[in-house]
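What follows is the content of input32.pdb (PDB, C-alpha atoms, pLDDT in the B column).
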ATOM      1  CA  MET L  18      -8.589 -30.066  32.326  1.00 50.00           C
ATOM      2  CA  ASP L  19     -10.300 -27.746  34.797  1.00 65.00           C
ATOM      3  CA  ASP L  20     -12.962 -25.978  32.742  1.00 80.00           C
ATOM      4  CA  ARG L  21     -13.953 -23.443  35.404  1.00 84.00           C
ATOM      5  CA  ARG L  22     -10.364 -22.387  35.919  1.00 85.00           C
ATOM      6  CA  LEU L  23      -9.847 -22.235  32.184  1.00 88.00           C
ATOM      7  CA  ASP L  24     -12.931 -20.026  31.863  1.00 89.00           C
ATOM      8  CA  ASN L  25     -11.576 -17.732  34.566  1.00 88.00           C
ATOM      9  CA  ILE L  26      -8.161 -17.483  32.910  1.00 90.00           C
ATOM     10  CA  GLU L  27      -9.789 -16.722  29.586  1.00 90.00           C
ATOM     11  CA  GLN L  28     -12.018 -14.127  31.197  1.00 89.00           C
ATOM     12  CA  ALA L  29      -9.105 -12.462  33.004  1.00 88.00           C
ATOM     13  CA  LEU L  30      -7.070 -12.307  29.779  1.00 89.00           C
ATOM     14  CA  LEU L  31     -10.071 -10.860  27.983  1.00 89.00           C
ATOM     15  CA  CYS L  32     -10.431  -8.179  30.658  1.00 89.00           C
ATOM     16  CA  HIS L  33      -6.747  -7.408  30.377  1.00 88.00           C
ATOM     17  CA  HIS L  34      -7.001  -7.027  26.600  1.00 88.00           C
ATOM     18  CA  ARG L  35      -9.996  -4.706  26.861  1.00 86.00           C
ATOM     19  CA  ALA L  36      -8.278  -2.576  29.470  1.00 86.00           C
ATOM     20  CA  ARG L  37      -5.152  -2.191  27.372  1.00 82.00           C
ATOM     21  CA  GLN L  38      -4.414   1.332  26.366  1.00 76.00           C
ATOM     22  CA  SER L  39      -3.516   2.115  22.787  1.00 74.00           C
ATOM     23  CA  ALA L  40       0.233   2.582  22.357  1.00 74.00           C
ATOM     24  CA  GLN L  41       1.392   6.183  22.413  1.00 78.00           C
ATOM     25  CA  VAL L  42       2.218   7.691  19.055  1.00 81.00           C
ATOM     26  CA  PRO L  43       5.930   8.659  19.039  1.00 83.00           C
ATOM     27  CA  SER L  44       6.438  12.400  18.763  1.00 84.00           C
ATOM     28  CA  ASP L  45       8.328  12.084  15.459  1.00 84.00           C
ATOM     29  CA  PHE L  46       5.971   9.485  13.958  1.00 85.00           C
ATOM     30  CA  THR L  47       4.530  11.679  11.204  1.00 86.00           C
ATOM     31  CA  ALA L  48       7.925  13.151  10.343  1.00 86.00           C
ATOM     32  CA  ARG L  49       9.456   9.685   9.977  1.00 88.00           C
ATOM     33  CA  VAL L  50       6.633   8.417   7.779  1.00 86.00           C
ATOM     34  CA  MET L  51       6.804  11.514   5.590  1.00 86.00           C
ATOM     35  CA  ARG L  52      10.589  11.216   5.315  1.00 86.00           C
ATOM     36  CA  GLU L  53      10.329   7.640   4.051  1.00 86.00           C
ATOM     37  CA  VAL L  54       7.473   8.459   1.704  1.00 82.00           C
ATOM     38  CA  ARG L  55       9.476  11.392   0.301  1.00 82.00           C
ATOM     39  CA  GLN L  56      12.525   9.175  -0.193  1.00 82.00           C
ATOM     40  CA  LYS L  57      10.425   6.644  -2.073  1.00 80.00           C
ATOM     41  CA  ALA L  58       8.925   9.369  -4.241  1.00 74.00           C
ATOM     42  CA  GLU L  59      12.407  10.711  -4.959  1.00 73.00           C
ATOM     43  CA  ARG L  60      13.649   7.251  -5.896  1.00 73.00           C
ATOM     44  CA  GLY L  61      10.717   6.940  -8.305  1.00 69.00           C
ATOM     45  CA  ALA L  62      11.483  10.334  -9.795  1.00 70.00           C
ATOM     46  CA  ASP L  63      15.176   9.425 -10.068  1.00 73.00           C
ATOM     47  CA  PHE L  64      14.297   6.329 -12.054  1.00 74.00           C
ATOM     48  CA  LEU L  65      12.112   8.320 -14.442  1.00 76.00           C
ATOM     49  CA  ASP L  66      14.876  10.914 -14.900  1.00 76.00           C
ATOM     50  CA  VAL L  67      17.454   8.268 -15.777  1.00 77.00           C
ATOM     51  CA  PHE L  68      14.991   6.433 -18.005  1.00 78.00           C
ATOM     52  CA  SER L  69      14.052   9.538 -19.998  1.00 78.00           C
ATOM     53  CA  LEU L  70      17.729  10.577 -20.274  1.00 76.00           C
ATOM     54  CA  VAL L  71      18.713   7.175 -21.656  1.00 78.00           C
ATOM     55  CA  ALA L  72      15.702   7.126 -23.960  1.00 79.00           C
ATOM     56  CA  ARG L  73      16.576  10.587 -25.354  1.00 78.00           C
ATOM     57  CA  ARG L  74      20.257   9.730 -25.696  1.00 77.00           C
ATOM     58  CA  PHE L  75      19.679   6.463 -27.546  1.00 78.00           C
ATOM     59  CA  ALA L  76      16.524   7.339 -29.462  1.00 79.00           C
ATOM     60  CA  PRO L  77      18.255   7.883 -32.851  1.00 80.00           C
ATOM     61  CA  VAL L  78      20.247   4.650 -32.511  1.00 81.00           C
ATOM     62  CA  GLY L  79      17.124   2.754 -31.454  1.00 81.00           C
ATOM     63  CA  ALA L  80      15.097   4.118 -34.349  1.00 82.00           C
ATOM     64  CA  LEU L  81      17.831   3.173 -36.826  1.00 83.00           C
ATOM     65  CA  ALA L  82      18.159  -0.335 -35.390  1.00 85.00           C
ATOM     66  CA  ALA L  83      14.383  -0.843 -35.461  1.00 84.00           C
ATOM     67  CA  THR L  84      14.174   0.300 -39.101  1.00 86.00           C
ATOM     68  CA  ALA L  85      17.042  -1.997 -40.100  1.00 86.00           C
ATOM     69  CA  ALA L  86      15.539  -4.970 -38.267  1.00 84.00           C
ATOM     70  CA  CYS L  87      12.155  -4.353 -39.853  1.00 82.00           C
ATOM     71  CA  GLY L  88      13.624  -4.037 -43.344  1.00 84.00           C
ATOM     72  CA  TYR L  89      15.717  -7.150 -42.877  1.00 83.00           C
ATOM     73  CA  ALA L  90      12.725  -9.154 -41.685  1.00 80.00           C
ATOM     74  CA  GLN L  91      10.617  -8.026 -44.625  1.00 79.00           C
ATOM     75  CA  PHE L  92      13.432  -8.790 -47.063  1.00 78.00           C
ATOM     76  CA  MET L  93      14.000 -12.254 -45.574  1.00 78.00           C
ATOM     77  CA  ASP L  94      10.292 -12.925 -45.675  1.00 77.00           C
ATOM     78  CA  LYS L  95      10.280 -12.091 -49.352  1.00 74.00           C
ATOM     79  CA  VAL L  96      13.303 -14.349 -50.031  1.00 76.00           C
ATOM     80  CA  PHE L  97      11.725 -17.164 -48.059  1.00 75.00           C
ATOM     81  CA  ASN L  98       8.434 -16.919 -49.921  1.00 77.00           C
ATOM     82  CA  GLN L  99      10.234 -16.892 -53.242  1.00 76.00           C
ATOM     83  CA  ALA L 100      12.191 -20.018 -52.287  1.00 73.00           C
ATOM     84  CA  VAL L 101       9.021 -21.875 -51.258  1.00 69.00           C
ATOM     85  CA  LEU L 102       7.267 -20.869 -54.430  1.00 71.00           C
ATOM     86  CA  SER L 103      10.226 -21.833 -56.563  1.00 73.00           C
ATOM     87  CA  LEU L 104      10.576 -25.280 -54.988  1.00 68.00           C
ATOM     88  CA  SER L 105       6.836 -25.843 -55.225  1.00 68.00           C
ATOM     89  CA  MET L 106       6.941 -25.149 -58.914  1.00 68.00           C
ATOM     90  CA  HIS L 107       9.638 -27.802 -59.370  1.00 67.00           C
ATOM     91  CA  SER L 108       7.362 -30.672 -58.305  1.00 56.00           C
ATOM     92  CA  THR L 109       8.755 -31.054 -54.817  1.00 54.00           C
ATOM     93  CA  ALA L 110       5.774 -29.256 -53.461  1.00 51.00           C
ATOM     94  CA  GLY L 111       4.735 -32.000 -51.080  1.00 54.00           C
ATOM     95  CA  ILE L 112       8.078 -32.218 -49.318  1.00 55.00           C
ATOM     96  CA  THR L 113       8.747 -28.510 -49.365  1.00 52.00           C
ATOM     97  CA  LEU L 114       5.440 -27.368 -48.073  1.00 55.00           C
ATOM     98  CA  ALA L 115       5.251 -30.121 -45.493  1.00 55.00           C
ATOM     99  CA  GLY L 116       8.776 -29.428 -44.273  1.00 58.00           C
ATOM    100  CA  LEU L 117       8.874 -25.668 -44.353  1.00 56.00           C
ATOM    101  CA  MET L 118       5.437 -24.426 -43.696  1.00 55.00           C
ATOM    102  CA  PRO L 119       4.380 -24.203 -40.054  1.00 52.00           C
TER
ATOM    103  CA  MET C  30      -2.196   3.189  15.638  1.00 76.00           C
ATOM    104  CA  SER C  31      -5.128   1.952  17.698  1.00 80.00           C
ATOM    105  CA  ILE C  32      -5.538  -0.951  15.271  1.00 84.00           C
ATOM    106  CA  THR C  33      -1.911  -2.027  15.343  1.00 85.00           C
ATOM    107  CA  SER C  34      -1.850  -1.643  19.143  1.00 85.00           C
ATOM    108  CA  ARG C  35      -4.569  -4.258  19.441  1.00 84.00           C
ATOM    109  CA  HIS C  36      -2.964  -6.787  17.132  1.00 87.00           C
ATOM    110  CA  VAL C  37       0.779  -6.614  17.762  1.00 86.00           C
ATOM    111  CA  PRO C  38       2.799  -6.118  20.977  1.00 83.00           C
ATOM    112  CA  GLN C  39       2.695  -2.552  22.268  1.00 81.00           C
ATOM    113  CA  ASP C  40       6.398  -1.947  21.698  1.00 83.00           C
ATOM    114  CA  ARG C  41       6.064  -2.832  18.003  1.00 86.00           C
ATOM    115  CA  ALA C  42       2.778  -1.057  17.279  1.00 88.00           C
ATOM    116  CA  ALA C  43       4.428   2.177  16.088  1.00 89.00           C
ATOM    117  CA  GLU C  44       6.734   0.283  13.734  1.00 90.00           C
ATOM    118  CA  VAL C  45       3.834  -1.632  12.143  1.00 91.00           C
ATOM    119  CA  ALA C  46       1.765   1.572  11.917  1.00 91.00           C
ATOM    120  CA  HIS C  47       4.715   3.232  10.160  1.00 91.00           C
ATOM    121  CA  GLU C  48       4.862   0.390   7.615  1.00 91.00           C
ATOM    122  CA  THR C  49       1.100   0.663   7.161  1.00 91.00           C
ATOM    123  CA  PHE C  50       1.218   4.323   6.163  1.00 90.00           C
ATOM    124  CA  VAL C  51       4.186   3.824   3.846  1.00 89.00           C
ATOM    125  CA  ARG C  52       2.426   0.876   2.213  1.00 89.00           C
ATOM    126  CA  ALA C  53      -0.764   2.927   1.890  1.00 89.00           C
ATOM    127  CA  PHE C  54       1.223   5.618   0.085  1.00 86.00           C
ATOM    128  CA  GLU C  55       2.684   3.051  -2.299  1.00 85.00           C
ATOM    129  CA  ARG C  56      -0.714   1.471  -2.995  1.00 85.00           C
ATOM    130  CA  LEU C  57      -2.734   4.686  -3.104  1.00 83.00           C
ATOM    131  CA  GLY C  58      -3.455   4.109  -6.785  1.00 80.00           C
ATOM    132  CA  THR C  59      -5.358   0.913  -5.955  1.00 82.00           C
ATOM    133  CA  PHE C  60      -7.928   2.743  -3.808  1.00 84.00           C
ATOM    134  CA  LYS C  61     -11.079   2.725  -5.935  1.00 81.00           C
ATOM    135  CA  GLY C  62     -13.408   4.514  -3.544  1.00 80.00           C
ATOM    136  CA  GLU C  63     -15.813   1.546  -3.395  1.00 82.00           C
ATOM    137  CA  SER C  64     -15.516   1.465   0.393  1.00 83.00           C
ATOM    138  CA  PRO C  65     -14.610   4.204   2.879  1.00 87.00           C
ATOM    139  CA  PHE C  66     -10.953   5.187   2.933  1.00 88.00           C
ATOM    140  CA  VAL C  67     -10.666   4.145   6.597  1.00 88.00           C
ATOM    141  CA  HIS C  68     -11.736   0.583   5.707  1.00 89.00           C
ATOM    142  CA  TRP C  69      -9.105   0.420   2.976  1.00 89.00           C
ATOM    143  CA  LEU C  70      -6.471   1.679   5.401  1.00 90.00           C
ATOM    144  CA  THR C  71      -7.643  -0.784   8.070  1.00 91.00           C
ATOM    145  CA  ARG C  72      -7.243  -3.687   5.647  1.00 91.00           C
ATOM    146  CA  ILE C  73      -3.671  -2.613   4.932  1.00 92.00           C
ATOM    147  CA  ALA C  74      -2.977  -2.302   8.667  1.00 92.00           C
ATOM    148  CA  LEU C  75      -4.364  -5.787   9.338  1.00 92.00           C
ATOM    149  CA  ARG C  76      -2.252  -7.275   6.546  1.00 92.00           C
ATOM    150  CA  ARG C  77       0.830  -5.591   8.019  1.00 92.00           C
ATOM    151  CA  CYS C  78      -0.048  -7.058  11.432  1.00 91.00           C
ATOM    152  CA  ALA C  79      -0.428 -10.530   9.911  1.00 90.00           C
ATOM    153  CA  ASP C  80       2.919 -10.103   8.147  1.00 90.00           C
ATOM    154  CA  PHE C  81       4.472  -9.103  11.453  1.00 90.00           C
ATOM    155  CA  TRP C  82       3.328 -12.377  13.039  1.00 87.00           C
ATOM    156  CA  ARG C  83       4.391 -14.416  10.022  1.00 86.00           C
ATOM    157  CA  GLY C  84       7.847 -12.913  10.415  1.00 82.00           C
ATOM    158  CA  ARG C  85       7.847 -14.006  14.038  1.00 79.00           C
ATOM    159  CA  ALA C  86       6.670 -17.551  13.424  1.00 72.00           C
ATOM    160  CA  LYS C  87       9.611 -18.856  15.425  1.00 62.00           C
ATOM    161  CA  SER C  88       8.215 -17.265  18.574  1.00 59.00           C
ATOM    162  CA  ARG C  89       5.433 -19.868  18.403  1.00 61.00           C
ATOM    163  CA  GLU C  90       8.030 -22.381  19.452  1.00 63.00           C
ATOM    164  CA  THR C  91       8.607 -20.568  22.746  1.00 69.00           C
ATOM    165  CA  VAL C  92       7.489 -22.809  25.587  1.00 72.00           C
ATOM    166  CA  PHE C  93       5.360 -21.504  28.403  1.00 73.00           C
ATOM    167  CA  SER C  94       8.041 -22.213  31.014  1.00 72.00           C
ATOM    168  CA  ALA C  95      10.285 -19.662  29.240  1.00 74.00           C
ATOM    169  CA  LEU C  96       7.934 -16.889  30.443  1.00 76.00           C
ATOM    170  CA  GLY C  97       9.282 -17.206  33.963  1.00 77.00           C
ATOM    171  CA  THR C  98       7.925 -17.888  37.414  1.00 82.00           C
ATOM    172  CA  GLY C  99       5.718 -14.764  37.428  1.00 82.00           C
ATOM    173  CA  ALA C 100       3.515 -16.228  34.719  1.00 82.00           C
ATOM    174  CA  ARG C 101       3.275 -19.556  36.536  1.00 83.00           C
ATOM    175  CA  GLU C 102       2.323 -17.782  39.768  1.00 85.00           C
ATOM    176  CA  TRP C 103      -0.322 -15.756  37.956  1.00 85.00           C
ATOM    177  CA  ILE C 104      -1.871 -18.947  36.578  1.00 83.00           C
ATOM    178  CA  GLU C 105      -1.879 -20.533  40.010  1.00 82.00           C
ATOM    179  CA  SER C 106      -3.462 -17.452  41.554  1.00 83.00           C
ATOM    180  CA  ILE C 107      -6.525 -17.742  39.326  1.00 81.00           C
ATOM    181  CA  PRO C 108      -9.333 -19.362  41.341  1.00 81.00           C
ATOM    182  CA  ASP C 109     -10.985 -22.524  40.077  1.00 77.00           C
ATOM    183  CA  SER C 110     -14.416 -21.430  41.234  1.00 75.00           C
ATOM    184  CA  SER C 111     -16.812 -18.728  40.159  1.00 69.00           C
ATOM    185  CA  ASP C 112     -15.182 -15.498  41.206  1.00 61.00           C
ATOM    186  CA  SER C 113     -16.155 -11.897  40.685  1.00 65.00           C
ATOM    187  CA  GLY C 114     -12.697 -10.472  41.451  1.00 75.00           C
ATOM    188  CA  LEU C 115     -11.016 -11.410  38.194  1.00 77.00           C
ATOM    189  CA  GLU C 116     -10.351  -7.727  37.427  1.00 77.00           C
ATOM    190  CA  VAL C 117      -7.585  -7.701  40.036  1.00 77.00           C
ATOM    191  CA  HIS C 118      -5.821 -10.543  38.232  1.00 77.00           C
ATOM    192  CA  ALA C 119      -6.495  -8.966  34.855  1.00 75.00           C
ATOM    193  CA  GLU C 120      -4.723  -5.757  35.873  1.00 78.00           C
ATOM    194  CA  ARG C 121      -1.433  -7.511  36.578  1.00 81.00           C
ATOM    195  CA  SER C 122       1.285  -7.272  33.954  1.00 81.00           C
ATOM    196  CA  GLU C 123       1.674 -11.074  33.910  1.00 84.00           C
ATOM    197  CA  ALA C 124      -1.743 -11.257  32.278  1.00 86.00           C
ATOM    198  CA  GLY C 125      -0.377  -9.270  29.346  1.00 87.00           C
ATOM    199  CA  VAL C 126       2.677 -11.507  29.042  1.00 86.00           C
ATOM    200  CA  ILE C 127       0.537 -14.649  29.054  1.00 89.00           C
ATOM    201  CA  LEU C 128      -2.001 -13.154  26.659  1.00 89.00           C
ATOM    202  CA  ASP C 129       0.728 -12.198  24.172  1.00 86.00           C
ATOM    203  CA  TRP C 130       2.326 -15.613  24.475  1.00 87.00           C
ATOM    204  CA  ALA C 131      -0.963 -17.510  24.071  1.00 89.00           C
ATOM    205  CA  MET C 132      -1.976 -15.404  21.070  1.00 88.00           C
ATOM    206  CA  SER C 133       1.445 -15.883  19.496  1.00 86.00           C
ATOM    207  CA  GLN C 134       0.755 -19.636  19.452  1.00 88.00           C
ATOM    208  CA  LEU C 135      -2.075 -19.072  16.951  1.00 90.00           C
ATOM    209  CA  ALA C 136      -1.810 -18.636  13.197  1.00 91.00           C
ATOM    210  CA  PRO C 137      -1.758 -14.940  12.121  1.00 90.00           C
ATOM    211  CA  ASP C 138      -5.245 -14.966  10.578  1.00 91.00           C
ATOM    212  CA  ASP C 139      -6.695 -16.796  13.588  1.00 92.00           C
ATOM    213  CA  LYS C 140      -5.167 -14.202  15.855  1.00 91.00           C
ATOM    214  CA  LEU C 141      -6.594 -11.290  13.860  1.00 92.00           C
ATOM    215  CA  VAL C 142     -10.088 -12.671  13.590  1.00 94.00           C
ATOM    216  CA  LEU C 143     -10.200 -13.730  17.253  1.00 94.00           C
ATOM    217  CA  THR C 144      -9.035 -10.310  18.409  1.00 92.00           C
ATOM    218  CA  MET C 145     -11.632  -8.512  16.316  1.00 93.00           C
ATOM    219  CA  THR C 146     -14.614 -10.747  17.025  1.00 93.00           C
ATOM    220  CA  HIS C 147     -14.222 -12.278  20.461  1.00 91.00           C
ATOM    221  CA  MET C 148     -11.986  -9.768  22.196  1.00 90.00           C
ATOM    222  CA  ASP C 149     -12.951  -6.436  20.635  1.00 89.00           C
ATOM    223  CA  GLY C 150     -16.542  -7.420  19.890  1.00 90.00           C
ATOM    224  CA  GLN C 151     -16.581  -5.978  16.381  1.00 91.00           C
ATOM    225  CA  ALA C 152     -19.520  -6.687  14.070  1.00 92.00           C
ATOM    226  CA  LEU C 153     -19.087  -9.824  11.949  1.00 93.00           C
ATOM    227  CA  SER C 154     -19.904  -7.873   8.797  1.00 93.00           C
ATOM    228  CA  ASP C 155     -17.076  -5.411   9.520  1.00 91.00           C
ATOM    229  CA  VAL C 156     -14.619  -8.229  10.208  1.00 92.00           C
ATOM    230  CA  ALA C 157     -15.728  -9.973   7.010  1.00 93.00           C
ATOM    231  CA  GLU C 158     -15.042  -6.823   5.017  1.00 90.00           C
ATOM    232  CA  PHE C 159     -11.650  -6.189   6.612  1.00 89.00           C
ATOM    233  CA  MET C 160     -10.520  -9.779   6.114  1.00 91.00           C
ATOM    234  CA  GLY C 161     -12.078 -10.143   2.660  1.00 89.00           C
ATOM    235  CA  TRP C 162     -14.033 -13.202   3.852  1.00 91.00           C
ATOM    236  CA  SER C 163     -17.706 -14.180   3.941  1.00 94.00           C
ATOM    237  CA  ILE C 164     -19.562 -13.770   7.236  1.00 94.00           C
ATOM    238  CA  SER C 165     -19.935 -17.531   7.613  1.00 95.00           C
ATOM    239  CA  LYS C 166     -16.184 -17.965   7.174  1.00 95.00           C
ATOM    240  CA  VAL C 167     -15.572 -15.350   9.849  1.00 95.00           C
ATOM    241  CA  LYS C 168     -17.892 -17.231  12.221  1.00 95.00           C
ATOM    242  CA  VAL C 169     -16.201 -20.560  11.577  1.00 95.00           C
ATOM    243  CA  ARG C 170     -12.652 -19.205  11.809  1.00 95.00           C
ATOM    244  CA  SER C 171     -13.469 -17.219  14.934  1.00 95.00           C
ATOM    245  CA  HIS C 172     -14.968 -20.269  16.613  1.00 95.00           C
ATOM    246  CA  ARG C 173     -11.995 -22.448  15.679  1.00 95.00           C
ATOM    247  CA  ALA C 174      -9.517 -19.796  16.775  1.00 94.00           C
ATOM    248  CA  ARG C 175     -11.189 -19.524  20.166  1.00 94.00           C
ATOM    249  CA  ARG C 176     -11.058 -23.290  20.553  1.00 94.00           C
ATOM    250  CA  LYS C 177      -7.356 -23.254  19.669  1.00 94.00           C
ATOM    251  CA  LEU C 178      -6.738 -20.521  22.231  1.00 93.00           C
ATOM    252  CA  ARG C 179      -8.491 -22.579  24.887  1.00 92.00           C
ATOM    253  CA  ASP C 180      -6.382 -25.574  23.870  1.00 92.00           C
ATOM    254  CA  VAL C 181      -3.239 -23.486  24.324  1.00 90.00           C
ATOM    255  CA  LEU C 182      -4.414 -22.259  27.724  1.00 90.00           C
ATOM    256  CA  GLY C 183      -5.453 -25.776  28.666  1.00 89.00           C
ATOM    257  CA  ARG C 184      -1.994 -27.165  27.836  1.00 86.00           C
ATOM    258  CA  MET C 185      -0.558 -24.414  30.006  1.00 81.00           C
ATOM    259  CA  LEU C 186      -2.554 -25.736  32.979  1.00 79.00           C
ATOM    260  CA  ASP C 187      -1.354 -29.313  32.485  1.00 75.00           C
TER
END
Hey, can you dump this file as structure tokens for me?
Amino acid sequence: MDDRRLDNIEQALLCHHRARQSAQVPSDFTARVMREVRQKAERGADFLDVFSLVARRFAPVGALAATAACGYAQFMDKVFNQAVLSLSMHSTAGITLAGLMP
Amino acid sequence: MSITSRHVPQDRAAEVAHETFVRAFERLGTFKGESPFVHWLTRIALRRCADFWRGRAKSRETVFSALGTGAREWIESIPDSSDSGLEVHAERSEAGVILDWAMSQLAPDDKLVLTMTHMDGQALSDVAEFMGWSISKVKVRSHRARRKLRDVLGRMLD
């Protein structure tokens, strides 16, 4: 490999890079950026609109379902505890507790 | 725009700058004011430039001979002795074609760091901040990138 020639090529490329002019900004550059930014903002706003509409529309149903689920869970918890206690009291405590309790 | 012009081909600089500003808008909430706004924007621009080159990874497979006879003639016109008239060669458009091709053979991060340190002569501390690296890492990567570039140019001479 010819080092001197390589140095010269590297130097010439370096000079070329330094002499390069910055690319011209297109006349509609700002307008295009703003248009895309606005579209993105509108898409975000559209999502929030739809989300709040759905939330308002289904709020009563959601609240009812949540209350029912909560009540059911509490009731089942109570039934489960009673069953464990009952089995424990009938001298199968070892098996019951070992098998059912986490 | 001046940043993207120095890191991606001229005809794609506006497109990458466009993506930079849109990305900056999307990520505006992450600007914490710990560094100047221009540094934050520069980091986004550099990441967009790196993404641009990652997207064009296939261009690294382009062989030198595909650049045409003009590039070969330019190489052969470079003297192999100490010469003060390199500016004449540097002004020719073939120099730009070869420079873009040689740089496209490097990994995106190598290209960025080499452009900022060796070619633009930016301060290592600035480059370290823009790249999110330590100064010693910038030095090492810059040195390796320059060696890789010389390897690419050397293979071109063979």
Residues of chain L at most 10 Å from chain C: nearest atom pair and distance in Å, only C-alpha atoms, as CSV:
residue,atom,partner,partner_atom,distance
L:Met18,CA,C:Gly183,CA,6.5
L:Asp19,CA,C:Asp109,CA,7.5
L:Asp20,CA,C:Asp109,CA,8.3
L:Arg21,CA,C:Asp109,CA,5.6
L:Arg22,CA,C:Asp109,CA,4.2
L:Leu23,CA,C:Gly183,CA,6.6
L:Asp24,CA,C:Arg179,CA,8.7
L:Asn25,CA,C:Ile107,CA,6.9
L:Ile26,CA,C:Ile107,CA,6.6
L:Glu27,CA,C:Arg179,CA,7.6
L:Gln28,CA,C:Leu115,CA,7.6
L:Ala29,CA,C:Ala119,CA,4.7
L:Leu30,CA,C:Ala124,CA,6.0
L:Leu31,CA,C:Met148,CA,6.2
L:Cys32,CA,C:Ala119,CA,5.8
L:His33,CA,C:Ala119,CA,4.7
L:His34,CA,C:Met148,CA,7.2
L:Arg35,CA,C:Asp149,CA,7.1
L:Ala36,CA,C:Glu120,CA,8.0
L:Arg37,CA,C:Arg35,CA,8.2
L:Gln38,CA,C:Ser34,CA,8.2
L:Ser39,CA,C:Ser31,CA,5.3
L:Ala40,CA,C:Gln39,CA,5.7
L:Gln41,CA,C:Ala43,CA,8.1
L:Val42,CA,C:Ala43,CA,6.6
L:Pro43,CA,C:Ala43,CA,7.3
L:Phe46,CA,C:His47,CA,7.4
L:Thr47,CA,C:His47,CA,8.5
L:Arg49,CA,C:His47,CA,8.0
L:Val50,CA,C:His47,CA,6.0
L:Met51,CA,C:Val51,CA,8.3
L:Arg52,CA,C:Val51,CA,9.9
L:Glu53,CA,C:Val51,CA,7.2
L:Val54,CA,C:Val51,CA,6.1
L:Arg55,CA,C:Val51,CA,9.9
L:Lys57,CA,C:Glu55,CA,8.5
L:Ala58,CA,C:Glu55,CA,9.1
- Task: State, in Å with one decimal place, the distance from atom CA of C:Ala152 to atom CA of C:Leu135.
- Result: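 Taking atom CA of C:Ala152 as the start and atom CA of C:Leu135 as the end point, the length is 21.6 Å.
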- What lies within 12 Å of C:Leu153 using only C-alpha atoms, ignoring chain neighbours under 6 positions off, as a ChimeraX atom specification? /C:142-147,159-171
- Message: On this structure, the PyMOL selection byres ((chain C and resi 67-71) around 9) would catch which residues? List them as a ChimeraX atom specification, sorted by chain and number.
- Response: /C:32,49-50,53,60,62,64-66,72-76,155,158-159
- Query: Distance atom CA of C:Val92-atom CA of C:Gln134, one decimal place?
  - Reply: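 These two atoms are separated by 9.6 Å.
Across the structure, atom CA of L:Ala85 and atom CA of L:Phe68 are spaced 23.7 Å apart.
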- Protein/DNA/RNA residues near (-0.7, -10.9, 17.6), cut 8 Å, all atoms listed in the file, as a ChimeraX atom specification: /C:35-38,78-79,82,129,132-133,137,140-141
Box time for stretch 150-167 of chain C: axis-aligned, enclosing all its listed atoms, 5 Å extra on each side; report centre and edge lengths in Å to one decimal, as JSON.
{"center_x": -15.2, "center_y": -11.7, "center_z": 11.3, "size_x": 19.4, "size_y": 22.6, "size_z": 27.2}
- Spatial sel., origin (-1.8, -16.7, 6.8), limit 9 Å, only C-alpha atoms, listed as a PyMOL selection string: chain C and resi 79-80+83+136-139
